[in-house]
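Let me begin by presenting the structure, written as structure tokens, before commenting on it.
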Protein chains: 4
Amino acid sequence: MSETTYRTSEDGAAGPDPAPLPLRARREEPLRVLVWGENRHEQTEPEVAARYPDGMHGAIAAGVEANLGERAVVRTATLDDPEHGLAEEVLAGTDVLTWWGHAAHDEVDDAVVERVHRHVLAGMGLLVLHSGHWSKIFTRLMGTSCTLRWRSAHDRELVWTVDPTHPIARGVPHPMVIDEDEMYGEHFDIPAPDELVFLSTFSGGEVLRSGCTFKRGHGRVFYFSPGDQDYPVYFHEGVRRVISNGVEWAASDRRERSAPVLLRYETERFWSGHGYTGAVDPAARVAGQDGA
Amino acid sequence: MSETTYRTSEDGAAGPDPAPLPLRARREEPLRVLVWGENRHEQTEPEVAARYPDGMHGAIAAGVEANLGERAVVRTATLDDPEHGLAEEVLAGTDVLTWWGHAAHDEVDDAVVERVHRHVLAGMGLLVLHSGHWSKIFTRLMGTSCTLRWRSAHDRELVWTVDPTHPIARGVPHPMVIDEDEMYGEHFDIPAPDELVFLSTFSGGEVLRSGCTFKRGHGRVFYFSPGDQDYPVYFHEGVRRVISNGVEWAASDRRERSAPVLLRYETERFWSGHGYTGAVDPAARVAGQDGA
Amino acid sequence: MSETTYRTSEDGAAGPDPAPLPLRARREEPLRVLVWGENRHEQTEPEVAARYPDGMHGAIAAGVEANLGERAVVRTATLDDPEHGLAEEVLAGTDVLTWWGHAAHDEVDDAVVERVHRHVLAGMGLLVLHSGHWSKIFTRLMGTSCTLRWRSAHDRELVWTVDPTHPIARGVPHPMVIDEDEMYGEHFDIPAPDELVFLSTFSGGEVLRSGCTFKRGHGRVFYFSPGDQDYPVYFHEGVRRVISNGVEWAASDRRERSAPVLLRYETERFWSGHGYTGAVDPAARVAGQDGA
Amino acid sequence: MSETTYRTSEDGAAGPDPAPLPLRARREEPLRVLVWGENRHEQTEPEVAARYPDGMHGAIAAGVEANLGERAVVRTATLDDPEHGLAEEVLAGTDVLTWWGHAAHDEVDDAVVERVHRHVLAGMGLLVLHSGHWSKIFTRLMGTSCTLRWRSAHDRELVWTVDPTHPIARGVPHPMVIDEDEMYGEHFDIPAPDELVFLSTFSGGEVLRSGCTFKRGHGRVFYFSPGDQDYPVYFHEGVRRVISNGVEWAASDRRERSAPVLLRYETERFWSGHGYTGAVDPAARVAGQDGA
């Protein structure tokens, strides 16, 4: 299959993600986008429910649909759905997942986080939005605390493009003005991003690396900070444009969803890996299969 | 205190690492280096014990001592020590930790991994050596699978410098020849390193990004791949030089060991953060302290 | 026009590239690819002419056509054409330029190099191939010597993918085997690339960062090292695939070809820049237009 | 010599910089710092002369002396000195050069720029300050236009640290407040920096990547934007601290000042390069020395 980047092993792969995952859709088919929302503020705070009558996830999904049209099929899922709406077969059928959470990060089941993590490393795109910076999935992917400074005081936010050739910046005003938003500022404790696309400044003088890309495993991750339950940011045309651009960018070009695996290779047999049989196994040592 | 980078909060910090940590030694004092070794192969495999009579950790420690002399005080700790030799007060008194593990990654207690992780984010330097690529601490810091390809077949390894200005490359031959070593090859599933210092090639034709730096939180991390229980790599003068350079590079310049924290700041009060009181707290909302 | 990333200045832009450039084609139209070849070895060395009967540029062009089909319109130009085939109107009608040169770097007219540089900074994609590492345009874009080590001794080259999510790596075997090629090795004196896509190893043990991306101004640059006049590398299916992927990657997403400009902006007038009138101009100082 | 990173060639090096350069001082000796100032505003504008009675270069030099004490020996040079004070032997005796220019970039002789460039690639550190962004040496090293947006309107500048582990950030307040400065804002047309250390925001809402490191050849380059002839920025304690930290960071760890060279290596003779004899030389071809 000429399109397949990596040949599979002869003997089967041993590693942290042995389960085979189904092929993703070809690019010619619409992107399968899943917008995940915590959906708690909408239930407990009437003003949030009034601001976002279809939920914040509903507003985000509508923005992607408006921008991508028939290039995407958009669904939503929320925390209170069974398995948070993130069952194995749902993720297997998702090209890009967007994540908004805030009040209930701790309620997200660790097994689901593990599952999402595995799919990202295998090639599912992920957009982490705003307060998702403190979600389990984002801190796990980053390896850092992902802390920052913050203030909810109706700051004006200006979003500046520092990577004008980036596809995520396409058609985004420079700067993009958000009349009111929560302030998120440095120091933002993340690894240096692979690409820094946007910087946001706030009327109080703060700054944030607000649009950052990261590659992890076979997956692409985009963090974008604007957006909050207390401001109608997800109805902002520019914010919707960035999120939609991010969705298209995060979709994998690889045909196959598969995680990287640790394999032993014999000399000159570059494409035929053998499984890892364990680190200290006397029997294996005799067979020359002692560990990496 | 003019040397202190970050002022502390008035109201106390809330975040993943609230515990205050002691100040680290000034640069004028010797670096406090802790060489951690799993020390299992040495116990179960006579040929490894013969190759490394003082343990692999002993060989690594001797190399650092030989290169840094009185610029460092070097101790060792192993898996079978109480708390793996990594108690809170030990880490608090460590500037740079080096990590070699292989056969028993799973036996490392999660609480100790959490503790090491916290200290790295707060400023402790970390060197991860060879098979440590699959250690709990490294995969946690990277957020990826850290898998690679491998073969133990007496390959010659050549270590090439691609960042000749880097302090870790100081005095390292180009290339550095290791007559025999285990092969570790790409694809190595790590985030793109902040700095790529070395590339290793093997007589079988493989290549690895073998010397990589990563900043995480306030800590500096260096991964260096040469070194294995089945080859006397940790007696190689060049390998010892790189590890010693890495130890000096990884030591923090910050006076204070403290983790990044999430704090709320009022407008124009840049240095006086308030604690985070929780995401959906009606009482807090009244006081205008609702969450980030 | 909602697609336009940057608004133009009211007063006109002053800077190193004041000339307005025409709009590039929309993505729906085929990419306009220009394959530039020095075409000297083909004239002076019969064995090269025999190896590449349509010239090296002809072989490269055929590979792009074979891979991109109707997604691209491919033309060629050579050193001996008037203005080296790189007149202003030709570049204005080119989305991506590929560059192969070797024996006659010095014969490339500085005015043409300046022109190509200006178009790259304004958004034209550029692929620099093999010995183009020492071309005037590449060293000018990099700011370094771009030296490396080399040997033409029929080495086997293996091309390893280190960024498996990159669009340029799509469908490329891992590793890709080139039976014979010139050796290019580290240290390759380039800036650290924005993205490291491929590493090449050679049967002699050397390694090169052989596939590197760089963003410069509004342009995207891809350097790819395989390919030489003494080996039939540009008929290799994998090499052709990489070059074709690179062409698609290097094409700009911006609607408008325009160079970054230095402009003065009044407070709160983010989109209306004024021209720069010079650094020490007393008259201008009176008018409050003194220099940046 | 065990400290020497690169062995020299047997046959002599051929490349863009064949001239041997003298050894730099050992680290134990004081850093030899040369502060270069254009010194034109001081002559033509009385208010600048009043603000900076010893010249801007004098103020910068005094700040480095105050911070580094006996760790540095600081000299100054200006545009109107013979050879702009940058003769070959001066550069050969300089570990780190700082550069401030603005009104007279065009008056800097190209031969001197070439010389400085050669020394940077061979290992001399370079700090480019403020309006030096448009100097010949900086644009040559970057390969881009280095344009930005600007306004001189007494903006308050806040300098935020985004890389708290970086040695240049040591002891720098977060944020650092500069009561009045010229505004420099994005988009700043530079290559993505190797390390982004500081971001500056301005009271008008703009932002700049204001502290950026770049490695070029064997040299380290630090760009730092605060500082202008119309504001007393170079008397600011924090700005002086950053510049002094930058000077220490930019000094090379390599023993030898030498530029990268292009050399031919025979198989298995990794340390003995042969000179490059030209690209199309029939005689050389017979001898198997045809070009890279």
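Letters A, B, ... mark the chains of the structure tokens in the order given; residue numbers begin at 1 per chain; ligand numbers begin at 1, in order shown.
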_List the spatial neighbours of His154 in chain D as a PyMOL selection string - criterion: any atom at most 12 Å away, only C-alpha atoms, same-chain residues fewer than 4 positions off excluded._
(chain C and resi 266-267) or (chain D and resi 150+178-184+202-204+228+230-233)
Hey, which bits of chain D sit within 10 Å of chain B, and for each residue what's the closest pair of atoms and how far apart in Å (one decimal), counting only C-alpha atoms, rows by chain and increasing number, as a Markdown table?
| residue | atom | partner | partner_atom | distance |
| --- | --- | --- | --- | --- |
| D:Met1 | CA | B:Gly171 | CA | 9.1 |
| D:Ser2 | CA | B:Gly171 | CA | 6.4 |
| D:Glu3 | CA | B:Gly171 | CA | 4.4 |
| D:Thr4 | CA | B:Gly171 | CA | 5.5 |
| D:Thr5 | CA | B:Gly171 | CA | 4.8 |
| D:Tyr6 | CA | B:His174 | CA | 6.2 |
| D:Arg7 | CA | B:His174 | CA | 8.0 |
| D:Gly123 | CA | B:Thr165 | CA | 7.9 |
| D:Thr161 | CA | B:Thr5 | CA | 9.5 |
| D:Asp163 | CA | B:His218 | CA | 8.4 |
| D:Pro164 | CA | B:His218 | CA | 6.4 |
| D:Thr165 | CA | B:His218 | CA | 5.5 |
| D:His166 | CA | B:Asp253 | CA | 7.6 |
| D:Pro167 | CA | B:Asp253 | CA | 6.2 |
| D:Ile168 | CA | B:Asp253 | CA | 9.4 |
| D:Ala169 | CA | B:Thr5 | CA | 7.9 |
| D:Arg170 | CA | B:Arg254 | CA | 6.4 |
| D:Gly171 | CA | B:Glu3 | CA | 4.4 |
| D:Val172 | CA | B:Thr5 | CA | 5.7 |
| D:Pro173 | CA | B:Thr5 | CA | 5.7 |
| D:His174 | CA | B:Tyr6 | CA | 6.3 |
| D:Pro175 | CA | B:Phe270 | CA | 7.1 |
| D:Met176 | CA | B:Phe270 | CA | 9.7 |
| D:Val177 | CA | B:Phe270 | CA | 9.9 |
| D:Asp194 | CA | B:Asp194 | CA | 8.0 |
| D:Glu195 | CA | B:Asp194 | CA | 8.2 |
| D:Lys215 | CA | B:Thr165 | CA | 7.7 |
| D:Arg216 | CA | B:Thr165 | CA | 9.0 |
| D:Gly217 | CA | B:Thr165 | CA | 8.1 |
| D:His218 | CA | B:Thr165 | CA | 5.5 |
| D:Gly219 | CA | B:Thr165 | CA | 6.9 |
| D:Arg220 | CA | B:Thr165 | CA | 7.5 |
| D:Ala250 | CA | B:Thr165 | CA | 9.8 |
| D:Ala251 | CA | B:Thr165 | CA | 9.6 |
| D:Ser252 | CA | B:Thr165 | CA | 6.7 |
| D:Asp253 | CA | B:Pro167 | CA | 6.1 |
| D:Arg254 | CA | B:Arg170 | CA | 6.4 |
| D:Arg255 | CA | B:Gly171 | CA | 8.6 |
| D:Pro260 | CA | B:Pro164 | CA | 9.7 |
| D:Phe270 | CA | B:Pro175 | CA | 7.0 |
| D:Trp271 | CA | B:His174 | CA | 7.6 |
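Using only C-alpha atoms for every distance, the candidate list D:His274, D:His130, D:Arg32, D:Arg269 yields D:Arg32 as the residue closest to Ala72 in chain D.
With distances restricted to only C-alpha atoms, A:Leu121 is the closest residue to Cys146 in chain B from A:Val162, A:Leu121, A:Ala59, A:Ala103.
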*One decimal, Å: what's the distance from CA of Val247 in chain A over to CA of Gly125 in chain C, could you say?*
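That distance, rounded to one decimal, is 23.7 Å.
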*Could you name the residues that touch Glu45 in chain A at 10 Å or less, counting only C-alpha atoms, but leaving out those on the same chain fewer than 3 positions away, as a PyMOL selection string?*
(chain A and resi 40-42+48-50+229-230) or (chain B and resi 280+282)
*Among range 83-135 of chain B, which ones does DSSP place in helix (DSSP H, G or I), written as a PyMOL selection string?*
chain B and resi 83-85+88-92+105-107+110-122+130-134
